[in-house]
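*Asks:* Structure below; questions to follow.
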Amino acid sequence: MRKNKFSLKQEYKKCFEYIYNSRKFILLSIAIFFLFFLVGFLIPIPEILYNEILKILQEILSETENLSQIELIFYIIFNNIKSSFFGVIFGFIFGILPFIIAIANGYILGFVSFLSVNSEGIFSLWKLFPHGIFELPAIFISLGLGLKFGTFIFQKDKSKMFKEYLFNSLRVFLLIVIPLLIIAGIIEGILISLF
């Protein structure tokens, strides 16, 4: 019996099919993210939360301030891949973690955008655009697949759907999400070094 030959083209075709079939969950992750982006941007933040977010941002700045451009690129790529991976894998717990990640990322980006606009004006937001082209789609796909993964519990054959969702999510993560995050990390690392 002849074994099926591995075809990268076929693997990518399956990835795009799975992304298409998961589109409602991906759109949901986008909606959650942008809703909390607007909350972070438009609604005054309680002082205790303001101080906590600033503390997180200062920790990130202190971790990255002495890094070379290459080290910074690897730092960004690793952190984005880790966050996206957790968003996909831990989605099996009713989709709770991807939901929380979408809320937190949207809110923090909204808050940072608010600070940026306040200090440098509205045009400072263009700096987010170049790496956002690749990073945000990768994040939204990861979170959407994580949300979908959590629905295996509502399927008739839970064990089968768990494996199917897991395998398809990992395929998309390896072939689509990681390459997008590598491109985003390179762009972001270069831009941060320049400014």
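Each chain of the structure tokens is named A, B, ... in the order shown, its residues numbered from 1; ligands are numbered from 1 in display order.
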Which residues come within 12 Å of Lys9 of chain A, counting only C-alpha atoms, excluding same-chain residues fewer than 6 positions away, as a list in words?
*Replies:*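 My list of contacting residues is Cys15, Phe16 and Leu175 of chain A.
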*Asks:* Set out as a tab-separated table a contact list for segment 43-131 of chain A and segment 147-161 of chain A with a cut-off of 9 Å, giving each residue of segment 43-131 of chain A that qualifies its closest atom pair and distance in Å to one decimal, counting only C-alpha atoms, ordered by chain and rising residue number.
*Replies:*
residue	atom	partner	partner_atom	distance
A:Gly87	CA	A:Leu147	CA	8.4
A:Val88	CA	A:Phe149	CA	7.5
A:Ile89	CA	A:Phe149	CA	8.0
A:Phe90	CA	A:Gly150	CA	8.4
A:Gly91	CA	A:Gly150	CA	5.1
A:Phe92	CA	A:Gly150	CA	4.1
A:Ile93	CA	A:Gly150	CA	5.7
A:Phe94	CA	A:Gly150	CA	4.0
A:Gly95	CA	A:Leu147	CA	4.3
A:Ile96	CA	A:Leu147	CA	7.5
A:Leu97	CA	A:Leu147	CA	8.4
A:Pro98	CA	A:Leu147	CA	6.2
A:Phe99	CA	A:Leu147	CA	7.1
*Asks:* Mind dumping the selected residues with C-alpha atoms as a compact mmCIF listing (two decimals), in the first residue's frame?
*Replies:*
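Listed below is the output, selection-v7.txt:
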# COMPACT_ATOMS: atom_id res chain seq x y z
CA GLY A 87 -3.63 31.42 23.33
CA VAL A 88 -4.08 28.38 21.07
CA ILE A 89 -3.15 25.50 23.39
CA PHE A 90 -4.89 26.63 26.56
CA GLY A 91 -8.06 27.38 24.63
CA PHE A 92 -9.22 23.86 25.44
CA ILE A 93 -10.29 25.13 28.91
CA PHE A 94 -13.58 26.53 27.52
CA GLY A 95 -11.65 29.18 25.54
CA ILE A 96 -11.09 31.18 28.74
CA LEU A 97 -7.36 31.99 28.30
CA PRO A 98 -7.61 33.27 24.68
CA PHE A 99 -10.58 35.39 25.80
*Asks:* So how far away is atom CA of Ile103 of chain A from atom CA of Gly189 of chain A, in Å?
*Replies:*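 Taking atom CA of Gly189 of chain A as the start and atom CA of Ile103 of chain A as the end point, the length is 24.5 Å.
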*Asks:* Could you name the residues that touch Phe134 of chain A at 6 Å or less, counting only C-alpha atoms, but leaving out those on the same chain fewer than 2 positions away, as an NGL selection string?
*Replies:* :A and (131-132 or 136-137 or 180 or 184)
*Asks:* Neighbours of segment 71-82 of chain A within 9 Å (only C-alpha atoms; same-chain residues fewer than 5 positions away dropped), as JSON, numbers by chain?
*Replies:* {"A": [64, 65, 66, 87, 135, 139, 177, 178, 181, 182, 183, 184, 185, 186, 187, 188, 189, 190, 192, 193]}
*Asks:* Go ahead and write the selection's residues with N, CA and C atoms as a tab-separated table (two decimals), in the first residue's frame.
*Replies:*
chain	number	residue	atom	x	y	z
A	64	THR	N	14.63	45.08	27.93
A	64	THR	CA	15.06	45.23	26.53
A	64	THR	C	16.03	46.38	26.29
A	65	GLU	N	16.28	47.24	27.30
A	65	GLU	CA	17.03	48.47	27.02
A	65	GLU	C	18.47	48.25	26.58
A	66	ASN	N	19.14	47.20	27.05
A	66	ASN	CA	20.54	46.98	26.67
A	66	ASN	C	20.73	45.91	25.60
A	87	GLY	N	-2.28	31.07	23.78
A	87	GLY	CA	-3.63	31.42	23.33
A	87	GLY	C	-4.31	30.28	22.60
A	135	GLU	N	1.70	41.13	12.84
A	135	GLU	CA	1.52	40.63	14.21
A	135	GLU	C	0.06	40.44	14.58
A	139	ILE	N	-1.92	37.07	15.86
A	139	ILE	CA	-2.52	37.02	17.20
A	139	ILE	C	-4.00	36.67	17.10
A	177	VAL	N	1.12	31.13	11.67
A	177	VAL	CA	1.32	32.08	12.78
A	177	VAL	C	2.79	32.37	13.02
A	178	ILE	N	3.62	31.33	13.15
A	178	ILE	CA	5.04	31.56	13.43
A	178	ILE	C	5.72	32.39	12.34
A	181	LEU	N	4.73	35.99	12.79
A	181	LEU	CA	5.34	36.60	13.98
A	181	LEU	C	6.84	36.84	13.82
A	182	ILE	N	7.49	36.01	13.04
A	182	ILE	CA	8.92	36.24	12.75
A	182	ILE	C	9.09	37.52	11.93
A	183	ILE	N	8.25	37.68	10.89
A	183	ILE	CA	8.30	38.90	10.07
A	183	ILE	C	8.00	40.13	10.94
A	184	ALA	N	6.93	40.02	11.77
A	184	ALA	CA	6.54	41.14	12.64
A	184	ALA	C	7.66	41.49	13.62
A	185	GLY	N	8.32	40.47	14.19
A	185	GLY	CA	9.39	40.69	15.15
A	185	GLY	C	10.59	41.40	14.52
A	186	ILE	N	10.91	41.01	13.30
A	186	ILE	CA	12.04	41.64	12.58
A	186	ILE	C	11.72	43.11	12.33
A	187	ILE	N	10.51	43.39	11.81
A	187	ILE	CA	10.11	44.77	11.53
A	187	ILE	C	10.10	45.60	12.80
A	188	GLU	N	9.47	45.05	13.86
A	188	GLU	CA	9.35	45.77	15.13
A	188	GLU	C	10.73	46.03	15.76
A	189	GLY	N	11.59	45.02	15.73
A	189	GLY	CA	12.94	45.16	16.29
A	189	GLY	C	13.73	46.24	15.57
A	190	ILE	N	13.63	46.28	14.26
A	190	ILE	CA	14.34	47.30	13.46
A	190	ILE	C	13.78	48.69	13.75
A	192	ILE	N	12.11	49.77	16.45
A	192	ILE	CA	12.44	50.20	17.80
A	192	ILE	C	13.90	50.68	17.87
A	193	SER	N	14.78	49.99	17.17
A	193	SER	CA	16.21	50.38	17.16
A	193	SER	C	16.41	51.74	16.49
*Asks:* Take atom CA of Leu166 of chain A and atom CA of Lys14 of chain A and report the distance between them in Å, one decimal.
*Replies:*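 Those two atoms sit 13.6 Å apart.
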